[in-house]
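The next block is work.cif, given as mmCIF, C-alpha atoms and all ligand atoms.
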data_input
#
loop_
_atom_site.label_atom_id
_atom_site.label_comp_id
_atom_site.auth_asym_id
_atom_site.auth_seq_id
_atom_site.Cartn_x
_atom_site.Cartn_y
_atom_site.Cartn_z
CA MET C 9 -172.45 31.60 135.31
CA ALA C 10 -173.98 28.38 136.61
CA ASN C 11 -176.01 28.18 133.39
CA ASP C 12 -172.96 28.38 131.15
CA GLY C 13 -172.06 25.27 129.21
CA LEU C 14 -168.73 23.50 129.11
CA LEU C 15 -167.28 25.52 126.24
CA GLU C 16 -168.27 28.89 127.70
CA ARG C 17 -166.62 27.91 130.98
CA LEU C 18 -163.46 26.75 129.19
CA GLU C 19 -163.25 30.07 127.36
CA ARG C 20 -163.14 31.80 130.75
CA GLY C 21 -160.62 29.51 132.40
CA PRO C 22 -159.98 26.05 133.78
CA VAL C 23 -162.76 23.49 134.22
CA ILE C 24 -162.17 20.84 136.86
CA CYS C 25 -163.58 17.35 136.49
CA ALA C 26 -163.20 14.80 139.28
CA GLU C 27 -163.07 11.22 138.06
CA GLY C 28 -162.01 7.94 139.63
CA TYR C 29 -165.38 6.75 140.97
CA LEU C 30 -164.48 3.12 140.36
CA PHE C 31 -161.40 3.17 142.58
CA GLU C 32 -162.93 5.33 145.28
CA CYS C 33 -166.06 3.17 145.59
CA GLU C 34 -163.81 0.09 145.68
CA ARG C 35 -161.70 1.65 148.41
CA ARG C 36 -164.84 2.40 150.43
CA GLY C 37 -165.97 -1.22 150.19
CA TYR C 38 -168.85 -0.94 147.73
CA LEU C 39 -167.33 -2.19 144.48
CA GLN C 40 -165.28 -5.24 143.59
CA ALA C 41 -161.81 -4.88 142.08
CA GLY C 42 -161.25 -7.15 139.10
CA ALA C 43 -164.53 -7.12 137.21
CA PHE C 44 -164.82 -3.41 138.12
CA VAL C 45 -168.53 -3.01 137.37
CA PRO C 46 -170.32 -0.04 139.00
CA GLU C 47 -173.10 -2.10 140.60
CA VAL C 48 -172.84 0.29 143.55
CA VAL C 49 -175.15 2.56 141.55
CA LEU C 50 -177.99 0.07 142.10
CA GLU C 51 -176.93 -1.47 145.40
CA HIS C 52 -175.83 1.65 147.29
CA PRO C 53 -176.90 4.72 145.33
CA GLU C 54 -176.41 6.88 148.43
CA VAL C 55 -172.66 6.16 148.28
CA VAL C 56 -172.47 7.45 144.71
CA THR C 57 -174.53 10.54 145.50
CA GLN C 58 -172.35 11.32 148.49
CA LEU C 59 -169.17 10.96 146.43
CA HIS C 60 -170.60 13.28 143.76
CA ARG C 61 -171.26 15.83 146.49
CA GLU C 62 -167.80 15.42 148.02
CA PHE C 63 -166.10 16.00 144.69
CA VAL C 64 -168.17 19.14 144.00
CA HIS C 65 -167.46 20.36 147.54
CA ALA C 66 -163.76 19.83 146.84
CA GLY C 67 -163.88 21.86 143.62
CA SER C 68 -165.13 19.72 140.76
CA ASP C 69 -167.06 21.77 138.20
CA VAL C 70 -168.51 18.61 136.72
CA VAL C 71 -170.67 15.79 138.05
CA GLU C 72 -169.79 12.84 135.89
CA ALA C 73 -172.46 10.14 135.82
CA PHE C 74 -171.00 6.90 137.08
CA THR C 75 -171.65 4.97 133.89
CA TYR C 76 -167.98 4.17 133.47
CA TYR C 77 -167.78 0.45 132.65
CA ALA C 78 -171.58 0.30 132.84
CA HIS C 79 -171.57 -1.10 129.32
CA ARG C 80 -172.89 -4.26 127.74
CA GLU C 81 -169.58 -6.16 127.80
CA LYS C 82 -168.92 -5.50 131.50
CA LEU C 83 -172.49 -6.47 132.44
CA ARG C 84 -172.15 -9.61 130.30
CA VAL C 85 -169.03 -10.67 132.22
CA ILE C 86 -170.95 -10.65 135.51
CA GLY C 87 -174.09 -12.15 133.94
CA LYS C 88 -176.28 -9.09 134.49
CA GLU C 89 -176.88 -7.67 131.02
CA GLU C 90 -180.59 -7.35 131.79
CA ARG C 91 -179.80 -4.59 134.29
CA LEU C 92 -177.79 -2.50 131.82
CA GLU C 93 -180.41 0.14 131.11
CA GLU C 94 -181.54 0.41 134.73
CA LEU C 95 -177.93 0.87 135.85
CA ASN C 96 -177.26 3.58 133.31
CA ARG C 97 -180.48 5.49 133.88
CA THR C 98 -180.03 5.35 137.66
CA ALA C 99 -176.42 6.56 137.48
CA LEU C 100 -177.51 9.44 135.26
CA ALA C 101 -180.34 10.39 137.63
CA LEU C 102 -177.98 10.41 140.64
CA ALA C 103 -175.50 12.66 138.87
CA ARG C 104 -178.19 14.97 137.54
CA GLU C 105 -179.58 15.53 141.02
CA VAL C 106 -176.20 16.68 142.39
CA ALA C 107 -175.46 18.77 139.29
CA ARG C 108 -178.81 20.55 139.59
CA GLU C 109 -178.47 21.24 143.31
CA SER C 110 -174.90 22.55 142.94
CA GLY C 111 -174.88 24.29 139.56
CA ALA C 112 -172.14 21.95 138.31
CA LEU C 113 -172.07 20.64 134.77
CA PHE C 114 -173.75 17.27 134.20
CA ALA C 115 -171.72 14.87 132.07
CA GLY C 116 -172.53 11.51 130.56
CA ASP C 117 -169.76 8.97 130.19
CA VAL C 118 -168.70 6.14 127.88
CA SER C 119 -165.40 4.32 127.88
CA ASN C 120 -163.27 1.62 126.30
CA THR C 121 -165.40 -1.45 125.65
CA ASN C 122 -162.69 -4.14 125.74
CA VAL C 123 -164.44 -5.51 122.66
CA PHE C 124 -162.74 -3.43 119.99
CA VAL C 125 -160.03 -5.29 118.08
CA GLY C 126 -159.96 -3.35 114.81
CA ASP C 127 -162.20 -5.46 112.58
CA ASP C 128 -165.63 -4.72 111.11
CA GLU C 129 -167.47 -7.00 113.49
CA SER C 130 -166.04 -5.25 116.58
CA ARG C 131 -166.55 -1.82 115.00
CA ARG C 132 -170.24 -2.60 114.68
CA ARG C 133 -170.53 -4.00 118.19
CA VAL C 134 -168.83 -1.09 119.93
CA ARG C 135 -170.87 1.43 117.97
CA GLY C 136 -174.03 -0.25 119.22
CA MET C 137 -172.72 -0.19 122.79
CA PHE C 138 -171.93 3.52 122.58
CA GLU C 139 -175.22 4.38 120.93
CA GLU C 140 -177.36 2.84 123.63
CA GLN C 141 -175.43 4.49 126.49
CA ILE C 142 -175.38 7.87 124.75
CA GLU C 143 -179.10 7.69 124.05
CA TRP C 144 -179.77 7.20 127.77
CA ALA C 145 -177.41 10.09 128.58
CA ALA C 146 -179.16 12.35 126.08
CA ASP C 147 -182.55 11.40 127.55
CA ALA C 148 -181.26 12.40 130.99
CA GLY C 149 -180.32 15.85 129.68
CA VAL C 150 -176.53 15.76 130.03
CA ASP C 151 -174.61 18.92 129.16
CA TYR C 152 -172.00 16.89 127.32
CA VAL C 153 -170.56 13.39 127.07
CA ILE C 154 -167.12 12.22 128.12
CA GLY C 155 -165.56 9.39 126.09
CA GLU C 156 -162.59 8.17 128.08
CA THR C 157 -159.74 5.73 128.60
CA PHE C 158 -159.52 4.67 124.97
CA SER C 159 -156.26 3.00 124.04
CA TRP C 160 -157.42 2.43 120.45
CA GLY C 161 -157.65 5.74 118.60
CA GLU C 162 -160.24 4.29 116.27
CA GLU C 163 -162.49 3.20 119.11
CA ALA C 164 -162.33 6.78 120.42
CA LEU C 165 -163.33 8.04 116.98
CA ILE C 166 -166.36 5.73 116.94
CA ALA C 167 -167.43 6.96 120.39
CA LEU C 168 -166.96 10.54 119.24
CA ASP C 169 -169.08 9.95 116.17
CA ALA C 170 -171.88 8.51 118.31
CA ILE C 171 -171.73 11.51 120.68
CA ARG C 172 -171.81 13.96 117.76
CA ARG C 173 -174.76 12.18 116.17
CA ALA C 174 -176.64 12.71 119.42
CA GLY C 175 -175.92 16.44 119.03
CA LEU C 176 -173.90 16.69 122.23
CA PRO C 177 -170.49 18.28 122.96
CA ALA C 178 -167.73 15.71 123.34
CA VAL C 179 -164.69 15.45 125.61
CA VAL C 180 -162.55 12.55 124.40
CA THR C 181 -159.53 11.35 126.34
CA LEU C 182 -157.08 8.59 125.54
CA VAL C 183 -155.11 6.27 127.78
CA ILE C 184 -151.47 6.07 126.79
CA HIS C 185 -149.87 2.87 128.06
CA GLN C 186 -146.12 2.22 128.44
CA GLN C 187 -145.43 2.81 124.77
CA PRO C 188 -146.20 6.46 123.98
CA ALA C 189 -148.72 5.54 121.29
CA THR C 190 -152.27 4.26 120.82
CA ARG C 191 -152.64 0.52 120.23
CA GLU C 192 -152.70 1.06 116.46
CA GLY C 193 -149.49 3.08 116.77
CA TRP C 194 -150.63 6.70 116.51
CA THR C 195 -148.69 9.18 118.63
CA PRO C 196 -150.85 10.89 121.26
CA ALA C 197 -150.55 14.15 119.34
CA GLU C 198 -151.59 12.51 116.07
CA ALA C 199 -154.53 10.73 117.72
CA CYS C 200 -155.72 13.98 119.30
CA LYS C 201 -155.39 15.75 115.96
CA ARG C 202 -157.62 13.15 114.35
CA LEU C 203 -160.17 13.52 117.14
CA GLU C 204 -160.21 17.27 116.75
CA ALA C 205 -160.64 16.94 112.99
CA ALA C 206 -163.58 14.59 113.63
CA GLY C 207 -165.30 17.21 115.75
CA ALA C 208 -164.24 16.66 119.38
CA ASP C 209 -164.63 19.78 121.51
CA VAL C 210 -161.93 18.76 124.00
CA VAL C 211 -159.21 16.15 123.46
CA GLY C 212 -156.50 14.83 125.72
CA LEU C 213 -155.41 12.13 128.13
CA ASN C 214 -156.75 10.49 131.25
CA CYS C 215 -155.98 7.59 133.55
CA SER C 216 -153.06 5.17 133.68
CA ARG C 217 -150.23 7.72 133.78
CA GLY C 218 -149.41 9.76 136.86
CA PRO C 219 -148.56 13.46 136.80
CA ARG C 220 -144.87 12.98 136.09
CA THR C 221 -145.31 10.77 133.03
CA MET C 222 -148.40 12.49 131.61
CA LEU C 223 -147.09 16.03 131.60
CA PRO C 224 -144.45 15.57 128.83
CA LEU C 225 -147.12 14.21 126.46
CA LEU C 226 -149.40 17.19 127.04
CA ASP C 227 -146.95 19.63 125.57
CA GLU C 228 -146.97 17.76 122.24
CA ILE C 229 -150.75 17.51 122.22
CA ARG C 230 -151.21 21.20 123.07
CA SER C 231 -149.01 22.16 120.10
CA ALA C 232 -150.78 19.76 117.73
CA VAL C 233 -154.40 20.88 118.22
CA SER C 234 -156.26 24.16 118.45
CA CYS C 235 -159.24 22.93 120.51
CA HIS C 236 -159.21 22.67 124.31
CA VAL C 237 -157.01 19.99 125.88
CA ALA C 238 -157.81 17.70 128.83
CA ALA C 239 -155.46 16.13 131.37
CA LEU C 240 -156.63 13.81 134.15
CA PRO C 241 -153.76 11.69 135.49
CA VAL C 242 -153.95 9.03 138.16
CA PRO C 243 -152.57 10.26 141.50
CA TYR C 244 -149.67 7.82 141.59
CA ARG C 245 -145.93 8.31 141.40
CA THR C 246 -145.29 6.81 137.99
CA HIS C 247 -141.87 7.48 136.50
CA GLU C 248 -139.90 7.02 133.30
CA GLY C 249 -139.08 3.36 133.94
CA GLN C 250 -142.66 2.52 135.04
CA PRO C 251 -144.77 5.18 133.33
CA THR C 252 -148.23 3.74 134.10
CA PHE C 253 -149.89 2.61 137.32
CA GLN C 254 -150.27 -0.89 135.89
CA SER C 255 -146.52 -1.04 135.21
CA LEU C 256 -145.45 0.02 138.71
CA ARG C 257 -143.66 -2.67 140.72
CA ASP C 258 -143.38 -2.64 144.49
CA PRO C 259 -139.65 -2.54 145.33
CA GLU C 260 -140.25 -4.52 148.52
CA SER C 261 -142.20 -7.41 147.03
CA ALA C 262 -141.39 -7.08 143.31
CA GLN C 263 -145.15 -7.58 142.82
CA ARG C 264 -147.49 -5.54 140.67
CA PRO C 265 -149.42 -3.32 143.12
CA PHE C 266 -152.23 -2.54 140.66
CA PRO C 267 -155.03 -2.26 141.56
CA THR C 268 -155.38 -2.80 145.31
CA ALA C 269 -151.87 -2.25 146.72
CA LEU C 270 -151.09 1.13 145.20
CA ASP C 271 -151.37 3.03 148.49
CA PRO C 272 -147.60 3.54 149.02
CA PHE C 273 -147.32 5.01 145.52
CA THR C 274 -150.04 7.63 146.05
CA CYS C 275 -149.13 11.22 145.30
CA ALA C 276 -149.28 13.79 148.04
CA ARG C 277 -152.11 16.20 147.33
CA ASP C 278 -149.69 19.03 146.55
CA GLU C 279 -148.24 17.02 143.69
CA LEU C 280 -151.62 17.17 141.97
CA GLY C 281 -151.72 20.90 142.58
CA ALA C 282 -148.26 21.28 141.05
CA PHE C 283 -149.34 19.17 138.08
CA ALA C 284 -152.43 21.30 137.49
CA ALA C 285 -150.44 24.53 137.65
CA ALA C 286 -147.89 23.15 135.17
CA ALA C 287 -150.57 21.85 132.81
CA LEU C 288 -152.47 25.12 132.93
CA GLU C 289 -149.23 26.92 132.14
CA LEU C 290 -149.01 24.78 128.98
CA GLY C 291 -152.53 25.88 128.06
CA VAL C 292 -154.38 22.77 129.25
CA ARG C 293 -157.67 23.91 130.75
CA TYR C 294 -159.76 20.80 131.33
CA LEU C 295 -158.15 19.35 134.45
CA GLY C 296 -158.90 16.56 136.85
CA VAL C 297 -157.73 13.37 138.49
CA CYS C 298 -158.65 9.79 137.59
CA CYS C 299 -158.47 6.40 139.38
CA GLY C 300 -157.21 6.85 142.92
CA ALA C 301 -158.46 10.42 143.25
CA GLY C 302 -159.82 11.52 146.58
CA PRO C 303 -161.50 14.82 147.39
CA HIS C 304 -158.23 16.09 148.91
CA HIS C 305 -156.51 15.73 145.53
CA ILE C 306 -159.31 17.63 143.82
CA ARG C 307 -159.17 20.45 146.36
CA SER C 308 -155.40 20.86 145.90
CA LEU C 309 -155.84 20.88 142.15
CA ALA C 310 -158.62 23.47 142.39
CA GLU C 311 -156.63 25.72 144.70
CA ALA C 312 -153.56 25.48 142.45
CA VAL C 313 -155.54 27.01 139.58
CA GLY C 314 -156.89 29.82 141.72
CA ARG C 315 -160.15 28.41 142.99
CA THR C 316 -161.56 28.49 146.50
CA PRO C 317 -164.02 25.59 146.67
CA PRO C 318 -166.19 25.16 149.79
CA ALA C 319 -163.71 22.55 151.09
CA SER C 320 -161.01 25.25 151.21
CA ARG C 321 -162.60 26.37 154.47
CA TYR C 322 -160.83 23.33 155.92
CA SER C 323 -157.51 23.59 154.08
CA ALA C 324 -154.57 23.08 156.39
CA ASP C 325 -153.42 25.84 158.72
CA MET C 326 -150.60 24.50 160.83
CA SER C 327 -150.06 27.74 162.72
CA LYS C 328 -152.35 26.48 165.49
CA HIS C 329 -150.82 23.02 165.77
CA ALA C 330 -149.83 22.33 169.37
CA PHE C 331 -146.24 21.32 168.56
CA LEU C 332 -145.56 22.62 165.03
CA GLY C 333 -147.57 25.82 165.17
CA THR C 334 -146.45 29.43 165.43
CA ASP C 335 -149.43 30.87 167.33
CA PRO C 336 -147.94 32.85 170.26
CA THR C 337 -150.47 31.46 172.74
CA LEU C 338 -149.15 27.89 172.28
CA ARG C 339 -146.88 26.33 174.89
CA GLU C 340 -143.25 26.95 174.12
CA GLU C 341 -142.30 23.66 175.81
CA ASN C 342 -144.23 21.80 173.12
CA ARG C 343 -142.67 23.77 170.30
CA ASP C 344 -139.23 22.99 171.68
CA TYR C 345 -140.20 19.32 171.71
CA ALA C 346 -141.32 19.37 168.05
CA ASP C 347 -138.18 17.83 166.60
CA ARG C 348 -138.54 14.89 168.98
CA LEU C 349 -142.06 13.98 167.78
ZN ZN X 1 -158.83 6.02 135.69
#

Using structure tokens, write down the structure that the file contains.
Ligand SMILES: [Zn+2]
Amino acid sequence: MANDGLLERLERGPVICAEGYLFECERRGYLQAGAFVPEVVLEHPEVVTQLHREFVHAGSDVVEAFTYYAHREKLRVIGKEERLEELNRTALALAREVARESGALFAGDVSNTNVFVGDDESRRRVRGMFEEQIEWAADAGVDYVIGETFSWGEEALIALDAIRRAGLPAVVTLVIHQQPATREGWTPAEACKRLEAAGADVVGLNCSRGPRTMLPLLDEIRSAVSCHVAALPVPYRTHEGQPTFQSLRDPESAQRPFPTALDPFTCARDELGAFAAAALELGVRYLGVCCGAGPHHIRSLAEAVGRTPPASRYSADMSKHAFLGTDPTLREENRDYADRL
């Protein structure tokens, strides 16, 4: 079973992929919000390795190399383009180690470049950026490559083409901003259809939208394609009026909480579990959580689709709680006091 590839595992049932390394490393104090470049891979590789292990422990079936935003444009912005290859190869080696020790799938990763604007010059540039990252991923022996957070459908198609040329399976997920369309105006269903036609193995959505505002789009995508569908929301309470985590406004300050003041909007872990169960019911099998995800979200998601990851050994059991528990050996005086806590 551990030797099965992505597609074999998806044929059997759900595959869980923990994402959100950027936000979690930022939260832990090893990555700077704003530029959002994964320099932590070089400066504190042990933090990345530990997070890979925590996500697998919590139920992730995939170790995704932390090469998200480790592309030429991001490195250019911080003046460190010369470390691009080293950063990518190191991130891949860290992920491979944890995948090998755990039997999880090992995934490479490319993402939106922030360079694509829909002209020939940017088409050429982004293709070059994808090709170099995918070549390093292929060298490292990835099982497949994730292309994620594309808001231009065409940029996603270029990434997909580069992954296919490398002979690797492709999971391609789009970001859908406030308007329910890609930046060139394709509906999510139409964009996913095009990706499937171009050879993607799994298509779907990740990032930006929380469970409540991603779920309605999944139904349309599931009906539009015949390949496997992916859904990896952010764990924030987005809603119809503010459907993305960038569009949320804090009612107390009227400020935009993205990206470092989102804490009060965070979903309870069970909400991710409920999302996963609902998505699976729709026929969406590639499931995960993006920016903001913690291991507790991943565990809830895993348990909601019938898994018992190692971390389930520590899933809550309130029966032994001194005040709220039901264990007959507990002091009745404390139980009586429970409502006054
Ligand atoms: Zn994200």

What does the structure give for the distance between CA of Ala112 in chain C and CA of Tyr244 in chain C, in Å to one decimal? 26.7 Å

With only C-alpha atoms as the counted atoms, please give the residues lying no more than 8 Å from Ile154 in chain C, apart from itself and same-chain residues fewer than 3 positions off, as an MDAnalysis selection string. chainID C and resid 115:118 178:181

Excluding range 256-258 of chain C and any residue of its chain fewer than 4 positions from it, enumerate the residues within 12 Å of it, using all atoms listed in the file, and give them as a PyMOL selection string. chain C and resi 185-186+216-218+244-252+262-267+269-274

Within 12 Å of ligand ZN 1 (chain X), counting all atoms listed in the file, residues as JSON, numbers by chain: {"C": [26, 27, 28, 29, 30, 31, 32, 44, 76, 77, 119, 120, 156, 157, 158, 181, 182, 183, 184, 213, 214, 215, 216, 217, 218, 239, 240, 241, 242, 243, 244, 252, 253, 254, 266, 267, 296, 297, 298, 299, 300, 301]}

Would you write out those residues with C-alpha atoms, as an mmCIF file, in the frame of the given file?
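selection15.cif written:
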data_model
loop_
_atom_site.group_PDB
_atom_site.id
_atom_site.type_symbol
_atom_site.label_atom_id
_atom_site.label_comp_id
_atom_site.auth_asym_id
_atom_site.auth_seq_id
_atom_site.Cartn_x
_atom_site.Cartn_y
_atom_site.Cartn_z
ATOM 1 C CA ALA C 26 -163.200 14.800 139.280
ATOM 2 C CA GLU C 27 -163.070 11.220 138.060
ATOM 3 C CA GLY C 28 -162.010 7.940 139.630
ATOM 4 C CA TYR C 29 -165.380 6.750 140.970
ATOM 5 C CA LEU C 30 -164.480 3.120 140.360
ATOM 6 C CA PHE C 31 -161.400 3.170 142.580
ATOM 7 C CA GLU C 32 -162.930 5.330 145.280
ATOM 8 C CA PHE C 44 -164.820 -3.410 138.120
ATOM 9 C CA TYR C 76 -167.980 4.170 133.470
ATOM 10 C CA TYR C 77 -167.780 0.450 132.650
ATOM 11 C CA SER C 119 -165.400 4.320 127.880
ATOM 12 C CA ASN C 120 -163.270 1.620 126.300
ATOM 13 C CA GLU C 156 -162.590 8.170 128.080
ATOM 14 C CA THR C 157 -159.740 5.730 128.600
ATOM 15 C CA PHE C 158 -159.520 4.670 124.970
ATOM 16 C CA THR C 181 -159.530 11.350 126.340
ATOM 17 C CA LEU C 182 -157.080 8.590 125.540
ATOM 18 C CA VAL C 183 -155.110 6.270 127.780
ATOM 19 C CA ILE C 184 -151.470 6.070 126.790
ATOM 20 C CA LEU C 213 -155.410 12.130 128.130
ATOM 21 C CA ASN C 214 -156.750 10.490 131.250
ATOM 22 C CA CYS C 215 -155.980 7.590 133.550
ATOM 23 C CA SER C 216 -153.060 5.170 133.680
ATOM 24 C CA ARG C 217 -150.230 7.720 133.780
ATOM 25 C CA GLY C 218 -149.410 9.760 136.860
ATOM 26 C CA ALA C 239 -155.460 16.130 131.370
ATOM 27 C CA LEU C 240 -156.630 13.810 134.150
ATOM 28 C CA PRO C 241 -153.760 11.690 135.490
ATOM 29 C CA VAL C 242 -153.950 9.030 138.160
ATOM 30 C CA PRO C 243 -152.570 10.260 141.500
ATOM 31 C CA TYR C 244 -149.670 7.820 141.590
ATOM 32 C CA THR C 252 -148.230 3.740 134.100
ATOM 33 C CA PHE C 253 -149.890 2.610 137.320
ATOM 34 C CA GLN C 254 -150.270 -0.890 135.890
ATOM 35 C CA PHE C 266 -152.230 -2.540 140.660
ATOM 36 C CA PRO C 267 -155.030 -2.260 141.560
ATOM 37 C CA GLY C 296 -158.900 16.560 136.850
ATOM 38 C CA VAL C 297 -157.730 13.370 138.490
ATOM 39 C CA CYS C 298 -158.650 9.790 137.590
ATOM 40 C CA CYS C 299 -158.470 6.400 139.380
ATOM 41 C CA GLY C 300 -157.210 6.850 142.920
ATOM 42 C CA ALA C 301 -158.460 10.420 143.250
#

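Remark: for Leu280 in chain C, the closest of the candidate residues C:Ser308, C:Thr121, C:Ser234, C:Ser320 is C:Ser308 (distances computed over all atoms listed in the file).
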
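Taking CA of Ala170 in chain C and CA of Asp127 in chain C as endpoints, the distance between them is 17.9 Å.
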
Point (-147.5, 26.9, 171.8), cut-off 7 Å, counting all atoms listed in the file, residues as a ChimeraX atom specification: /C:330-331,333-340,342-343

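The shortest atom-to-atom distance to Ala174 in chain C, with only C-alpha atoms taken into account, belongs to C:Phe138 out of C:Leu39, C:Phe138, C:Thr268, C:Glu192.
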
Dig up all the protein and nucleic acid residues within 12 Å of (-168.4, 6.0, 142.2) in the file frame, using all atoms listed in the file, and format them as a PyMOL selection string. chain C and resi 26-40+44-63+71-78+99-100+102-103+298-302

For a quick check of understanding, using all atoms listed in the file, which of C:Pro177, C:Arg80, C:Gln187, C:Arg172 has the smallest distance to Val134 in chain C? C:Arg80

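When CA of Ser110 in chain C is paired with CA of Asp278 in chain C, their separation reads 25.7 Å.
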
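Non-sequential neighbours of Val70 in chain C (distance at most 6 Å, separation of 6 or more positions within a chain, all atoms listed in the file) are Cys25, Ala112, Leu113 and Phe114 of chain C.
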
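The residue that comes closest to Glu162 in chain C, out of C:Ala148, C:Val85, C:Cys200, C:Leu176 and on the basis of all atoms listed in the file, is C:Cys200.
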
Taking the block just given, write range 208-254 of chain C to a file that holds C-alpha atoms, as a compact mmCIF listing (two decimals), in the first residue's frame.
# COMPACT_ATOMS: atom_id res chain seq x y z
CA ALA C 208 -4.22 16.98 -15.43
CA ASP C 209 -4.74 13.95 -13.21
CA VAL C 210 -6.45 15.91 -10.43
CA VAL C 211 -8.04 19.36 -10.74
CA GLY C 212 -9.68 21.61 -8.20
CA LEU C 213 -9.31 24.51 -5.81
CA ASN C 214 -7.01 25.50 -3.00
CA CYS C 215 -6.29 28.48 -0.77
CA SER C 216 -8.03 31.82 -0.37
CA ARG C 217 -11.57 30.54 0.26
CA GLY C 218 -12.63 28.96 3.52
CA PRO C 219 -14.81 25.86 3.78
CA ARG C 220 -18.11 27.71 3.55
CA THR C 221 -17.33 29.60 0.34
CA MET C 222 -15.36 26.83 -1.38
CA LEU C 223 -17.89 24.05 -1.04
CA PRO C 224 -20.53 25.49 -3.43
CA LEU C 225 -17.93 25.74 -6.22
CA LEU C 226 -16.87 22.11 -5.80
CA ASP C 227 -20.25 20.79 -6.79
CA GLU C 228 -20.02 22.53 -10.18
CA ILE C 229 -16.47 21.32 -10.73
CA ARG C 230 -17.31 17.73 -9.76
CA SER C 231 -20.12 17.69 -12.34
CA ALA C 232 -17.95 19.25 -15.05
CA VAL C 233 -14.99 16.83 -15.01
CA SER C 234 -14.48 13.09 -14.86
CA CYS C 235 -11.00 13.09 -13.30
CA HIS C 236 -10.36 13.33 -9.55
CA VAL C 237 -11.14 16.64 -7.83
CA ALA C 238 -9.11 18.44 -5.15
CA ALA C 239 -10.30 20.78 -2.40
CA LEU C 240 -7.95 22.47 0.07
CA PRO C 241 -9.58 25.52 1.67
CA VAL C 242 -8.02 27.90 4.15
CA PRO C 243 -9.25 27.28 7.71
CA TYR C 244 -10.97 30.64 8.07
CA ARG C 245 -14.60 31.61 8.41
CA THR C 246 -15.13 33.25 5.05
CA HIS C 247 -18.72 33.93 4.08
CA GLU C 248 -20.83 35.11 1.16
CA GLY C 249 -20.10 38.81 1.70
CA GLN C 250 -16.35 38.22 2.26
CA PRO C 251 -15.67 34.97 0.42
CA THR C 252 -11.85 34.98 0.63
CA PHE C 253 -9.44 35.39 3.53
CA GLN C 254 -7.98 38.48 1.88
